[in-house]
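Below is model_15.txt, which holds compact mmCIF, C-alpha atoms and all ligand atoms.
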```
# COMPACT_ATOMS: atom_id res chain seq x y z
CA LYS A 24 0.00 0.00 0.00
CA LYS A 25 1.38 3.37 -0.99
CA LYS A 26 1.79 5.97 1.71
CA ILE A 27 1.39 9.55 0.61
CA ALA A 28 2.16 12.50 2.85
CA ILE A 29 1.02 16.07 2.38
CA MET A 30 2.43 19.18 3.98
CA THR A 31 2.15 22.94 3.80
CA SER A 32 5.28 25.07 3.90
CA GLY A 33 6.41 28.70 3.71
CA GLY A 34 3.86 31.50 4.00
CA ASP A 35 0.31 30.31 4.66
CA SER A 36 -2.42 31.06 2.16
CA PRO A 37 -6.20 30.63 2.10
CA GLY A 38 -7.13 27.44 0.27
CA MET A 39 -4.25 25.37 1.65
CA ASN A 40 -6.74 23.47 3.82
CA ALA A 41 -8.83 22.68 0.77
CA ALA A 42 -5.71 21.27 -0.87
CA VAL A 43 -4.78 19.18 2.17
CA ARG A 44 -8.33 17.87 2.47
CA ALA A 45 -8.43 16.94 -1.20
CA CYS A 46 -5.05 15.18 -1.06
CA VAL A 47 -5.97 13.20 2.06
CA ARG A 48 -9.31 12.07 0.66
CA MET A 49 -8.07 11.41 -2.86
CA ALA A 50 -5.18 9.34 -1.48
CA ILE A 51 -7.63 7.26 0.56
CA HIS A 52 -9.95 6.99 -2.43
CA MET A 53 -7.06 5.62 -4.48
CA GLY A 54 -6.40 2.93 -1.89
CA CYS A 55 -3.38 4.62 -0.31
CA ASP A 56 -2.61 5.61 3.26
CA ALA A 57 -2.68 9.37 3.77
CA TYR A 58 -0.38 11.24 6.12
CA CYS A 59 0.02 14.87 7.10
CA VAL A 60 3.37 16.36 8.00
CA TYR A 61 2.74 19.13 10.52
CA GLU A 62 4.76 22.39 10.57
CA GLY A 63 6.27 22.08 7.09
CA TYR A 64 9.85 20.82 6.72
CA GLU A 65 10.35 21.36 10.43
CA GLY A 66 7.93 18.48 11.05
CA LEU A 67 9.69 16.30 8.52
CA VAL A 68 13.01 16.88 10.26
CA ARG A 69 11.57 16.38 13.75
CA GLY A 70 9.50 13.31 12.84
CA GLY A 71 7.57 11.53 15.61
CA ASP A 72 4.25 13.12 16.28
CA TYR A 73 4.72 15.65 13.51
CA ILE A 74 3.92 12.95 10.95
CA ARG A 75 0.36 11.70 11.40
CA ARG A 76 -1.81 9.21 9.62
CA MET A 77 -5.06 10.83 8.47
CA GLU A 78 -8.47 9.29 8.00
CA TRP A 79 -11.26 10.52 5.77
CA TYR A 80 -13.08 12.25 8.64
CA ASP A 81 -9.98 13.92 10.06
CA VAL A 82 -10.29 16.64 7.43
CA ARG A 83 -14.01 17.19 7.76
CA GLY A 84 -14.90 20.87 7.79
CA TRP A 85 -11.47 21.93 6.56
CA LEU A 86 -12.68 23.32 3.24
CA SER A 87 -13.90 26.57 4.70
CA GLU A 88 -11.12 27.15 7.24
CA GLY A 89 -8.53 29.87 6.68
CA GLY A 90 -4.76 29.49 7.03
CA THR A 91 -3.36 26.00 7.25
CA LEU A 92 -4.58 23.66 9.97
CA ILE A 93 -1.52 21.41 9.76
CA GLY A 94 0.74 24.36 10.42
CA THR A 95 3.56 25.78 8.40
CA ALA A 96 7.04 26.97 9.26
CA ARG A 97 10.28 28.25 7.90
CA CYS A 98 12.89 25.60 8.59
CA MET A 99 16.59 26.43 8.63
CA ALA A 100 17.60 22.78 9.13
CA PHE A 101 16.18 21.81 5.73
CA PHE A 102 18.63 24.13 3.98
CA GLU A 103 21.41 21.83 5.24
CA ARG A 104 22.08 18.33 4.00
CA ALA A 105 22.07 17.03 7.58
CA GLY A 106 18.50 18.24 8.01
CA ARG A 107 17.40 16.65 4.76
CA LEU A 108 19.11 13.41 5.80
CA THR A 109 17.07 13.30 9.02
CA ALA A 110 13.96 14.13 7.01
CA ALA A 111 14.64 11.21 4.68
CA LYS A 112 15.13 8.90 7.65
CA ASN A 113 11.84 10.00 9.19
CA MET A 114 10.01 9.37 5.97
CA ILE A 115 11.37 5.86 5.73
CA LEU A 116 10.65 5.13 9.40
CA ASN A 117 7.05 6.05 8.65
CA GLY A 118 7.06 4.14 5.39
CA ILE A 119 6.31 7.23 3.33
CA ASP A 120 7.54 7.25 -0.24
CA ALA A 121 5.59 10.10 -1.77
CA LEU A 122 5.21 13.69 -0.74
CA ILE A 123 2.92 16.49 -1.85
CA ILE A 124 4.09 19.93 -0.83
CA CYS A 125 1.89 22.99 -0.90
CA GLY A 126 4.00 26.13 -0.64
CA GLY A 127 5.75 28.94 -2.44
CA ASP A 128 8.73 28.80 -4.78
CA GLY A 129 11.14 28.45 -1.84
CA SER A 130 9.38 25.39 -0.47
CA LEU A 131 9.08 23.87 -3.91
CA THR A 132 12.75 24.50 -4.70
CA GLY A 133 13.60 22.71 -1.44
CA ALA A 134 11.34 19.85 -2.52
CA ASP A 135 13.11 19.48 -5.84
CA ARG A 136 16.48 19.48 -4.11
CA PHE A 137 15.28 16.78 -1.69
CA ARG A 138 14.06 14.62 -4.54
CA SER A 139 17.25 14.90 -6.59
CA GLU A 140 19.37 14.14 -3.52
CA TRP A 141 17.19 11.22 -2.43
CA PRO A 142 19.37 8.34 -3.76
CA SER A 143 22.48 9.75 -2.11
CA LEU A 144 20.60 10.38 1.13
CA LEU A 145 19.52 6.72 1.13
CA GLU A 146 23.08 5.61 0.47
CA GLU A 147 24.32 7.61 3.42
CA LEU A 148 21.58 6.27 5.69
CA VAL A 149 22.53 2.71 4.75
CA ALA A 150 26.25 3.39 5.16
CA THR A 151 25.73 4.77 8.66
CA GLY A 152 23.43 1.89 9.57
CA GLU A 153 20.38 4.12 10.09
CA ILE A 154 18.36 2.00 7.67
CA LYS A 155 18.88 -1.53 6.39
CA LYS A 156 19.97 -2.22 2.83
CA GLU A 157 16.90 -4.44 2.27
CA GLN A 158 14.65 -1.47 3.03
CA VAL A 159 16.08 0.65 0.24
CA GLY A 160 14.40 -1.12 -2.68
CA GLN A 161 10.94 0.03 -1.76
CA TYR A 162 12.08 3.63 -1.37
CA ALA A 163 14.51 3.82 -4.25
CA HIS A 164 12.65 6.78 -5.72
CA LEU A 165 10.94 9.62 -4.02
CA ASN A 166 7.85 10.93 -5.73
CA ILE A 167 7.30 14.58 -5.06
CA VAL A 168 4.62 16.84 -6.46
CA GLY A 169 4.21 20.55 -5.77
CA LEU A 170 1.09 22.60 -5.23
CA VAL A 171 1.55 26.33 -5.35
CA GLY A 172 0.18 27.98 -2.24
CA SER A 173 0.90 31.69 -2.20
CA ILE A 174 -1.15 34.84 -1.84
CA ASP A 175 1.18 36.74 -4.18
CA ASN A 176 0.46 34.76 -7.36
CA ASP A 177 4.18 34.76 -7.86
CA LEU A 178 4.92 31.61 -9.84
CA SER A 179 5.26 31.65 -13.59
CA GLY A 180 3.50 28.91 -15.58
CA THR A 181 0.21 29.01 -13.70
CA ASP A 182 -2.57 31.55 -13.96
CA ALA A 183 -3.33 31.54 -10.26
CA THR A 184 -1.76 30.24 -7.08
CA ILE A 185 -3.85 28.84 -4.23
CA GLY A 186 -4.74 31.84 -2.07
CA CYS A 187 -4.19 34.77 -4.42
CA TYR A 188 -7.86 35.45 -5.12
CA SER A 189 -8.72 35.37 -1.41
CA ALA A 190 -6.03 37.94 -0.68
CA LEU A 191 -7.15 40.06 -3.61
CA ALA A 192 -10.76 39.93 -2.44
CA ARG A 193 -9.67 40.99 1.04
CA ILE A 194 -7.66 43.90 -0.32
CA CYS A 195 -10.56 45.11 -2.47
CA TYR A 196 -12.87 44.88 0.52
CA ALA A 197 -10.42 46.90 2.62
CA VAL A 198 -10.04 49.53 -0.11
CA ASP A 199 -13.83 49.84 -0.34
CA LEU A 200 -13.97 50.48 3.40
CA ILE A 201 -11.26 53.10 3.17
CA GLU A 202 -12.89 54.76 0.18
CA ALA A 203 -15.99 55.60 2.15
CA THR A 204 -14.03 57.59 4.68
CA ALA A 205 -11.68 58.99 2.03
CA SER A 206 -14.62 60.41 0.07
CA SER A 207 -16.27 61.77 3.17
CA HIS A 208 -13.22 63.81 4.14
CA SER A 209 -11.88 64.26 0.62
CA ARG A 210 -8.71 62.51 1.74
CA ALA A 211 -5.91 60.64 0.04
CA PHE A 212 -4.89 57.17 1.16
CA VAL A 213 -1.68 55.35 0.41
CA ILE A 214 -2.42 51.66 0.84
CA GLU A 215 0.46 49.25 1.15
CA VAL A 216 -0.21 45.68 0.07
CA MET A 217 1.94 42.55 0.12
CA GLY A 218 4.25 41.70 -2.76
CA ARG A 219 8.01 41.99 -2.34
CA HIS A 220 8.86 40.68 -5.78
CA CYS A 221 5.53 40.28 -7.47
CA GLY A 222 3.04 43.10 -7.90
CA TRP A 223 0.08 40.99 -8.98
CA LEU A 224 -1.97 41.86 -5.88
CA ALA A 225 -1.27 45.61 -6.16
CA LEU A 226 -1.93 45.65 -9.89
CA MET A 227 -5.15 43.67 -9.75
CA ALA A 228 -6.38 45.59 -6.73
CA GLY A 229 -5.62 48.78 -8.65
CA VAL A 230 -7.69 47.62 -11.59
CA ALA A 231 -10.48 46.24 -9.42
CA THR A 232 -10.85 49.34 -7.24
CA GLY A 233 -10.07 52.00 -9.83
CA ALA A 234 -7.10 53.27 -7.85
CA ASP A 235 -5.52 56.51 -9.00
CA PHE A 236 -1.98 55.20 -9.12
CA ILE A 237 -0.08 52.00 -8.34
CA PHE A 238 3.50 51.02 -7.65
CA ILE A 239 4.72 47.49 -8.39
CA PRO A 240 8.19 45.92 -8.44
CA GLU A 241 7.85 44.79 -12.07
CA LYS A 242 7.44 48.32 -13.28
CA PRO A 243 10.16 50.43 -11.70
CA ARG A 244 9.05 54.04 -11.88
CA GLU A 245 10.87 56.54 -14.07
CA ASP A 246 12.67 59.50 -12.50
CA ASN A 247 9.64 61.67 -13.12
CA TRP A 248 7.25 59.40 -11.16
CA ARG A 249 6.50 62.23 -8.75
CA ASP A 250 5.22 64.53 -11.48
CA GLU A 251 3.46 61.65 -13.19
CA MET A 252 1.53 60.66 -10.07
CA CYS A 253 0.72 64.22 -9.02
CA ASN A 254 -0.53 65.11 -12.50
CA ILE A 255 -2.87 62.13 -12.57
CA VAL A 256 -4.17 62.82 -9.08
CA ARG A 257 -4.62 66.52 -9.88
CA HIS A 258 -6.50 65.59 -13.04
CA HIS A 259 -8.83 63.24 -11.15
CA ARG A 260 -9.45 65.87 -8.48
CA LYS A 261 -10.30 68.43 -11.17
CA LEU A 262 -12.86 66.01 -12.55
CA GLY A 263 -14.56 66.08 -9.18
CA LYS A 264 -13.14 62.97 -7.54
CA ARG A 265 -13.18 63.41 -3.75
CA LYS A 266 -10.94 60.50 -2.92
CA THR A 267 -7.43 59.53 -3.90
CA ILE A 268 -6.24 55.95 -3.60
CA VAL A 269 -2.66 54.96 -4.28
CA ILE A 270 -1.79 51.29 -3.97
CA ILE A 271 1.81 50.41 -3.35
CA ALA A 272 3.36 46.94 -3.26
CA GLU A 273 5.99 46.27 -0.59
CA GLY A 274 8.63 45.86 -3.26
CA ALA A 275 7.95 49.10 -5.16
CA LEU A 276 11.06 50.47 -6.85
CA ASP A 277 12.30 53.28 -9.03
CA ARG A 278 14.51 52.83 -12.12
CA GLU A 279 17.68 53.04 -10.04
CA GLY A 280 16.46 50.22 -7.84
CA ASN A 281 15.71 52.47 -4.87
CA LYS A 282 12.72 51.59 -2.76
CA ILE A 283 9.64 53.77 -3.10
CA THR A 284 7.98 53.83 0.30
CA PRO A 285 4.44 54.74 1.41
CA ASP A 286 5.98 57.64 3.39
CA MET A 287 7.56 59.11 0.27
CA VAL A 288 4.23 58.94 -1.56
CA LYS A 289 2.35 60.39 1.38
CA ASP A 290 4.76 63.32 1.78
CA LEU A 291 4.36 64.12 -1.87
CA LEU A 292 0.55 64.06 -1.85
CA ALA A 293 0.47 66.09 1.35
CA ASP A 294 3.10 68.62 0.22
CA LYS A 295 1.74 72.06 1.05
CA LYS A 296 3.32 73.55 -2.08
CA GLY A 297 1.74 70.87 -4.26
CA LEU A 298 -1.54 68.95 -3.97
CA ALA A 299 -1.72 69.56 -0.22
CA LEU A 300 -4.04 66.60 0.32
CA ASP A 301 -4.92 65.35 3.77
CA THR A 302 -3.12 62.01 3.34
CA ARG A 303 -3.04 58.83 5.44
CA ILE A 304 -1.15 55.59 5.10
CA THR A 305 -2.84 52.24 5.65
CA THR A 306 -0.68 49.12 5.73
CA LEU A 307 -2.99 46.18 5.24
CA GLY A 308 -0.44 43.67 6.54
CA HIS A 309 -1.51 40.21 7.60
CA VAL A 310 -5.20 40.99 7.20
CA GLN A 311 -4.56 40.11 3.56
CA ARG A 312 -3.69 36.52 4.44
CA GLY A 313 -6.42 35.97 6.97
CA GLY A 314 -9.92 34.65 6.88
CA THR A 315 -11.59 31.97 4.88
CA ALA A 316 -10.75 31.18 1.29
CA VAL A 317 -12.94 32.57 -1.47
CA ALA A 318 -14.78 30.05 -3.64
CA TYR A 319 -12.09 30.14 -6.33
CA ASP A 320 -9.31 29.14 -3.94
CA ARG A 321 -11.39 26.33 -2.46
CA MET A 322 -12.09 25.08 -5.95
CA LEU A 323 -8.45 25.42 -7.00
CA GLY A 324 -7.12 23.70 -3.86
CA THR A 325 -9.56 20.84 -4.30
CA LEU A 326 -9.07 20.24 -8.02
CA GLN A 327 -5.31 20.59 -7.76
CA GLY A 328 -5.16 18.35 -4.69
CA VAL A 329 -6.94 15.62 -6.62
CA GLU A 330 -4.54 16.06 -9.54
CA ALA A 331 -1.50 16.06 -7.22
CA VAL A 332 -2.39 12.60 -5.90
CA LYS A 333 -2.84 11.31 -9.44
CA ALA A 334 0.50 12.83 -10.42
CA VAL A 335 2.25 11.26 -7.45
CA LEU A 336 0.88 7.84 -8.35
CA GLU A 337 1.89 8.21 -11.98
CA ALA A 338 5.30 9.82 -11.45
CA THR A 339 8.20 7.93 -12.96
CA PRO A 340 11.86 8.11 -12.01
CA GLY A 341 13.96 10.31 -14.22
CA THR A 342 11.23 12.80 -15.08
CA PRO A 343 11.59 16.29 -13.67
CA THR A 344 9.65 17.16 -10.51
CA CYS A 345 6.26 18.50 -11.46
CA PHE A 346 3.84 20.96 -9.96
CA ILE A 347 0.14 21.37 -10.55
CA ALA A 348 -0.82 24.48 -12.51
CA ILE A 349 -3.99 26.00 -13.85
CA THR A 350 -3.74 27.40 -17.34
CA GLU A 351 -6.69 28.64 -19.33
CA ASN A 352 -8.98 26.98 -16.81
CA LYS A 353 -7.38 23.57 -17.14
CA ILE A 354 -5.57 21.81 -14.33
CA THR A 355 -2.24 20.67 -15.73
CA ARG A 356 1.12 19.24 -14.64
CA LYS A 357 4.25 21.20 -15.41
CA PRO A 358 7.96 20.88 -14.74
CA LEU A 359 8.62 22.66 -11.48
CA MET A 360 12.11 24.05 -11.88
CA GLN A 361 11.36 25.51 -15.30
CA ALA A 362 8.59 27.54 -13.70
CA VAL A 363 10.85 28.62 -10.84
CA MET A 364 13.45 29.81 -13.35
CA ASP A 365 10.88 31.56 -15.54
CA THR A 366 9.51 33.34 -12.50
CA LYS A 367 12.83 34.97 -11.90
CA GLU A 368 12.90 36.34 -15.43
CA VAL A 369 9.35 37.15 -16.29
CA ALA A 370 7.43 40.02 -14.84
CA LYS A 371 4.34 37.93 -14.59
CA ALA A 372 1.91 40.64 -13.72
CA ILE A 373 2.37 42.50 -16.95
CA GLU A 374 3.15 39.49 -19.07
CA ARG A 375 -0.17 38.84 -20.65
CA GLN A 376 -2.53 41.70 -20.80
CA ASP A 377 -2.92 45.35 -21.40
CA PHE A 378 -3.16 46.49 -17.83
CA GLU A 379 -2.11 50.02 -18.70
CA MET A 380 -5.40 50.29 -20.57
CA ALA A 381 -7.33 48.70 -17.73
CA MET A 382 -5.82 51.14 -15.26
CA SER A 383 -6.56 54.15 -17.46
CA LEU A 384 -10.27 53.26 -17.58
CA ARG A 385 -10.60 54.69 -14.09
CA ASP A 386 -10.50 58.18 -15.60
CA ALA A 387 -13.52 57.45 -17.76
CA GLU A 388 -15.98 57.41 -14.89
CA PHE A 389 -15.44 61.14 -14.47
CA SER A 390 -14.49 62.35 -17.91
CA GLU A 391 -17.90 62.25 -19.63
P1 LIG A 401 7.91 30.00 0.32
O1 LIG A 401 7.73 28.55 0.13
O2 LIG A 401 6.63 30.67 0.73
O3 LIG A 401 8.60 30.65 -0.85
P2 LIG A 401 10.39 30.12 1.91
O4 LIG A 401 11.20 30.60 0.75
O5 LIG A 401 10.57 30.75 3.22
O6 LIG A 401 8.83 30.21 1.63
O7 LIG A 401 10.67 28.54 2.06
C1 LIG A 401 10.07 27.79 3.06
C2 LIG A 401 11.01 26.70 3.54
O8 LIG A 401 11.36 25.85 2.45
C3 LIG A 401 12.33 27.20 4.09
O9 LIG A 401 12.24 27.63 5.41
C4 LIG A 401 13.19 25.96 3.95
O10 LIG A 401 12.94 25.05 4.99
C5 LIG A 401 12.70 25.36 2.64
N1 LIG A 401 13.54 25.82 1.51
C6 LIG A 401 13.43 26.94 0.78
N2 LIG A 401 14.38 27.03 -0.16
C7 LIG A 401 15.16 25.92 -0.01
C8 LIG A 401 16.35 25.41 -0.65
N3 LIG A 401 16.93 26.07 -1.66
N4 LIG A 401 16.85 24.25 -0.21
C9 LIG A 401 16.27 23.57 0.80
N5 LIG A 401 15.18 23.99 1.44
C10 LIG A 401 14.61 25.14 1.06
```

Written as structure tokens, that's how I'd like the structure from this file.
Ligand code: ADP
Amino acid sequence: KKKIAIMTSGGDSPGMNAAVRACVRMAIHMGCDAYCVYEGYEGLVRGGDYIRRMEWYDVRGWLSEGGTLIGTARCMAFFERAGRLTAAKNMILNGIDALIICGGDGSLTGADRFRSEWPSLLEELVATGEIKKEQVGQYAHLNIVGLVGSIDNDLSGTDATIGCYSALARICYAVDLIEATASSHSRAFVIEVMGRHCGWLALMAGVATGADFIFIPEKPREDNWRDEMCNIVRHHRKLGKRKTIVIIAEGALDREGNKITPDMVKDLLADKKGLALDTRITTLGHVQRGGTAVAYDRMLGTLQGVEAVKAVLEATPGTPTCFIAITENKITRKPLMQAVMDTKEVAKAIERQDFEMAMSLRDAEFSE
């Protein structure tokens, strides 16, 4: 009987529980034993009670829960070979030979490393007498499949990551709340959203809320960004708009690679010699991660969890580690490391569509 373990790792995201639930139940449905590894790689390294057998009913009610119920962690030990060696030992002690990991590109890169090292880890465990040579046969290959759990939508090769639409919905909701008070007092708000390297959340929130201006890492602002922003805001104000919303991703940059901070934007909007707007900063912070998953993330976690179990059962040695993507509404399997490499090169947020146009539509509501 095959034993499949599932874990969540890195930053938590809404929909991870849906993925875990789907993996557990699909594994059982396929006649396998299902396990959960608690606390990400930390649990794999610690072993013992961190690795638990799961029954069908253990995940009841998980679909609508936020965060990840099996815990997640950042694990320094897993960066070292010694940590991965202990992790391999714990898997074998529990009889686990397949692993599904739901996490960001860091977690998935770690997973790929673990898989490619697996034969040499086994060799070392045999050489040091930690496991018996006879045991190796059954575990000769480690099947690993990745699920992308991230609120940032920061992996290339998939249209959406598990959690990104929940975070986006939460941001839009927060902006709506702020807009009411902004309009009332005719104020400006600089709203900082998550996204150190990927501006998808800021960009989409900008489109979805009709923000006046956005800053994202993929589009470093030209030297004249101050004039550019002030001119747009002035124009909107002239058209009668009583609120100003600027959305800024954590990783906002200018052309020289200098950080653009909410304080810089605020000072500019508030400048007495310029727009002189009553300006506040709101940092949305971890509110963006919290709460239950929106329908899309539940659906994505469930469909991708089902596919991940299938992929694990069909994986063959020698093929590259795969992850489960969604492209043009189809759940697909893709080579993991290719996507990780592409992510580093491609500015995903502005890769596909004419967002400049979408952003400029916000003027239209006042220009007629
Ligand atoms: P995310 O998965 O959200 O990108 P991190 O980058 O923090 O989050 O990665 C989560 C964990 O994955 C790390 O704490 C570490 O245990 C493991 N990990 C990340 N990158 C590697 C790597 N290159 N080698 C081994 N383990 C890694």

Would you name the residues within 9 Å of ligand LIG 401 (chain A), counting only C-alpha atoms and all ligand atoms, and put them as a PyMOL selection string?
chain A and resi 31-35+63-65+95-104+107+125-137+171-173

Just C-alpha atoms for this one: save the residues we selected as a PDB file, in the coordinates of the input.
```pdb
ATOM      1  CA  THR A  31       2.150  22.940   3.800  1.00  0.00           C
ATOM      2  CA  SER A  32       5.280  25.070   3.900  1.00  0.00           C
ATOM      3  CA  GLY A  33       6.410  28.700   3.710  1.00  0.00           C
ATOM      4  CA  GLY A  34       3.860  31.500   4.000  1.00  0.00           C
ATOM      5  CA  ASP A  35       0.310  30.310   4.660  1.00  0.00           C
ATOM      6  CA  GLY A  63       6.270  22.080   7.090  1.00  0.00           C
ATOM      7  CA  TYR A  64       9.850  20.820   6.720  1.00  0.00           C
ATOM      8  CA  GLU A  65      10.350  21.360  10.430  1.00  0.00           C
ATOM      9  CA  THR A  95       3.560  25.780   8.400  1.00  0.00           C
ATOM     10  CA  ALA A  96       7.040  26.970   9.260  1.00  0.00           C
ATOM     11  CA  ARG A  97      10.280  28.250   7.900  1.00  0.00           C
ATOM     12  CA  CYS A  98      12.890  25.600   8.590  1.00  0.00           C
ATOM     13  CA  MET A  99      16.590  26.430   8.630  1.00  0.00           C
ATOM     14  CA  ALA A 100      17.600  22.780   9.130  1.00  0.00           C
ATOM     15  CA  PHE A 101      16.180  21.810   5.730  1.00  0.00           C
ATOM     16  CA  PHE A 102      18.630  24.130   3.980  1.00  0.00           C
ATOM     17  CA  GLU A 103      21.410  21.830   5.240  1.00  0.00           C
ATOM     18  CA  ARG A 104      22.080  18.330   4.000  1.00  0.00           C
ATOM     19  CA  ARG A 107      17.400  16.650   4.760  1.00  0.00           C
ATOM     20  CA  CYS A 125       1.890  22.990  -0.900  1.00  0.00           C
ATOM     21  CA  GLY A 126       4.000  26.130  -0.640  1.00  0.00           C
ATOM     22  CA  GLY A 127       5.750  28.940  -2.440  1.00  0.00           C
ATOM     23  CA  ASP A 128       8.730  28.800  -4.780  1.00  0.00           C
ATOM     24  CA  GLY A 129      11.140  28.450  -1.840  1.00  0.00           C
ATOM     25  CA  SER A 130       9.380  25.390  -0.470  1.00  0.00           C
ATOM     26  CA  LEU A 131       9.080  23.870  -3.910  1.00  0.00           C
ATOM     27  CA  THR A 132      12.750  24.500  -4.700  1.00  0.00           C
ATOM     28  CA  GLY A 133      13.600  22.710  -1.440  1.00  0.00           C
ATOM     29  CA  ALA A 134      11.340  19.850  -2.520  1.00  0.00           C
ATOM     30  CA  ASP A 135      13.110  19.480  -5.840  1.00  0.00           C
ATOM     31  CA  ARG A 136      16.480  19.480  -4.110  1.00  0.00           C
ATOM     32  CA  PHE A 137      15.280  16.780  -1.690  1.00  0.00           C
ATOM     33  CA  VAL A 171       1.550  26.330  -5.350  1.00  0.00           C
ATOM     34  CA  GLY A 172       0.180  27.980  -2.240  1.00  0.00           C
ATOM     35  CA  SER A 173       0.900  31.690  -2.200  1.00  0.00           C
TER      36      SER A 173
END
```

Could you list as a ChimeraX atom specification every residue that has an atom within 10 Å of (-8.8, 43.3, 0.1), using the file's coordinates and counting all atoms listed in the file?
/A:188-200,216,224,228,232,307,310-312

Residue contacts of A:Gly313 (8 Å, all atoms listed in the file) excluding same-chain residues fewer than 6 positions away, as a list in words:
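The contact residues come out as Ser36, Pro37, Gly89, Gly90 and Ala190 of chain A.
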
Quick one, how far is atom CA of A:Val335 from atom CA of A:Ile349?
17.2 Å

Select all residues near (7.8, 13.0, -4.9) (cut-off 10 Å, inclusive, file coordinates), counting only C-alpha atoms, and output them as a PDB file with C-alpha atoms, in the coordinates of the input.
```
ATOM      1  CA  ILE A  27       1.390   9.550   0.610  1.00  0.00           C
ATOM      2  CA  ALA A  28       2.160  12.500   2.850  1.00  0.00           C
ATOM      3  CA  ASP A 120       7.540   7.250  -0.240  1.00  0.00           C
ATOM      4  CA  ALA A 121       5.590  10.100  -1.770  1.00  0.00           C
ATOM      5  CA  LEU A 122       5.210  13.690  -0.740  1.00  0.00           C
ATOM      6  CA  ILE A 123       2.920  16.490  -1.850  1.00  0.00           C
ATOM      7  CA  ILE A 124       4.090  19.930  -0.830  1.00  0.00           C
ATOM      8  CA  ALA A 134      11.340  19.850  -2.520  1.00  0.00           C
ATOM      9  CA  ASP A 135      13.110  19.480  -5.840  1.00  0.00           C
ATOM     10  CA  PHE A 137      15.280  16.780  -1.690  1.00  0.00           C
ATOM     11  CA  ARG A 138      14.060  14.620  -4.540  1.00  0.00           C
ATOM     12  CA  SER A 139      17.250  14.900  -6.590  1.00  0.00           C
ATOM     13  CA  TRP A 141      17.190  11.220  -2.430  1.00  0.00           C
ATOM     14  CA  HIS A 164      12.650   6.780  -5.720  1.00  0.00           C
ATOM     15  CA  LEU A 165      10.940   9.620  -4.020  1.00  0.00           C
ATOM     16  CA  ASN A 166       7.850  10.930  -5.730  1.00  0.00           C
ATOM     17  CA  ILE A 167       7.300  14.580  -5.060  1.00  0.00           C
ATOM     18  CA  VAL A 168       4.620  16.840  -6.460  1.00  0.00           C
ATOM     19  CA  GLY A 169       4.210  20.550  -5.770  1.00  0.00           C
ATOM     20  CA  ALA A 334       0.500  12.830 -10.420  1.00  0.00           C
ATOM     21  CA  VAL A 335       2.250  11.260  -7.450  1.00  0.00           C
ATOM     22  CA  LEU A 336       0.880   7.840  -8.350  1.00  0.00           C
ATOM     23  CA  ALA A 338       5.300   9.820 -11.450  1.00  0.00           C
ATOM     24  CA  THR A 339       8.200   7.930 -12.960  1.00  0.00           C
ATOM     25  CA  PRO A 340      11.860   8.110 -12.010  1.00  0.00           C
ATOM     26  CA  THR A 344       9.650  17.160 -10.510  1.00  0.00           C
ATOM     27  CA  CYS A 345       6.260  18.500 -11.460  1.00  0.00           C
TER      28      CYS A 345
END
```

So, counting all atoms listed in the file, which residue among A:Tyr61, A:Tyr162, A:Phe212, A:Tyr319 is closest to A:Leu92?
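Result for the nearest residue to A:Leu92: A:Tyr61.
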
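Using all atoms listed in the file, the shortest contact distance between A:Thr302 and any of A:Arg210, A:Arg44, A:Arg83, A:Arg260 is found at A:Arg210.
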
A:Thr305, A:Thr181, A:Thr267, A:Ser143 ranked by distance to A:Pro285, top pick (using only C-alpha atoms):
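Once distances to A:Pro285 are computed over only C-alpha atoms, the minimum belongs to A:Thr305.
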
Any idea what the distance is between atom CA of A:Gln158 and atom CA of A:Val60?
21.7 Å

Where is the centre and how long are the edges: axis-aligned box on stretch 201-210 of chain A, 8 Å on each side, Å to one decimal, as AutoDock Vina command-line options:
```
--center_x -12.5 --center_y 58.7 --center_z 2.4 --size_x 23.6 --size_y 27.2 --size_z 20.6
```

Give the answer as one residue: which of A:Lys26, A:Glu146, A:Ala41, A:Met53 has the shortest atom-to-atom distance to A:Arg75, using only C-alpha atoms?
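Of A:Lys26, A:Glu146, A:Ala41, A:Met53, the one nearest A:Arg75 is A:Lys26, counting only C-alpha atoms.
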
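In terms of minimum interatomic distance to A:Gly71, A:Cys59 ranks closest within A:Cys59, A:Ser207, A:Ala150, A:Gly94, counting only C-alpha atoms.
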
Nearest residue to A:Leu148 out of A:Met322, A:Ile93, A:Ala111, A:Leu291, using all atoms listed in the file?
A:Ala111

Å distance separating atom CA of A:Cys187 from atom CA of A:Tyr73, one decimal place:
27.7 Å

Set the distance at 7 Å and use only C-alpha atoms: which residues neighbour A:Ala225 once local chain neighbours fewer than 3 positions away are removed? I'd like the list as a list in words.
Val216, Gly222, Ala228, Gly229, Ile237, Ile239, Ile270, Ile271 and Ala272 of chain A

Excluding A:Asp56 and its own-chain neighbours fewer than 2 positions away, which residues fall within 8 Å of it when counting only C-alpha atoms? Please give them as an MDAnalysis selection string.
chainID A and resid 24:27 50:51 54 58 76:77

Those same residues - C-alpha atoms - I'd like them written as a compact mmCIF listing (two decimals), in the frame of the given file.
```
# COMPACT_ATOMS: atom_id res chain seq x y z
CA LYS A 24 0.00 0.00 0.00
CA LYS A 25 1.38 3.37 -0.99
CA LYS A 26 1.79 5.97 1.71
CA ILE A 27 1.39 9.55 0.61
CA ALA A 50 -5.18 9.34 -1.48
CA ILE A 51 -7.63 7.26 0.56
CA GLY A 54 -6.40 2.93 -1.89
CA TYR A 58 -0.38 11.24 6.12
CA ARG A 76 -1.81 9.21 9.62
CA MET A 77 -5.06 10.83 8.47
```

Nearby residues (all atoms listed in the file) at most 6 Å from A:Val269, same-chain spacing under 4 positions excluded, as a list of chain:residue names:
A:Val213, A:Ala234, A:Asp235, A:Phe236, A:Ile237
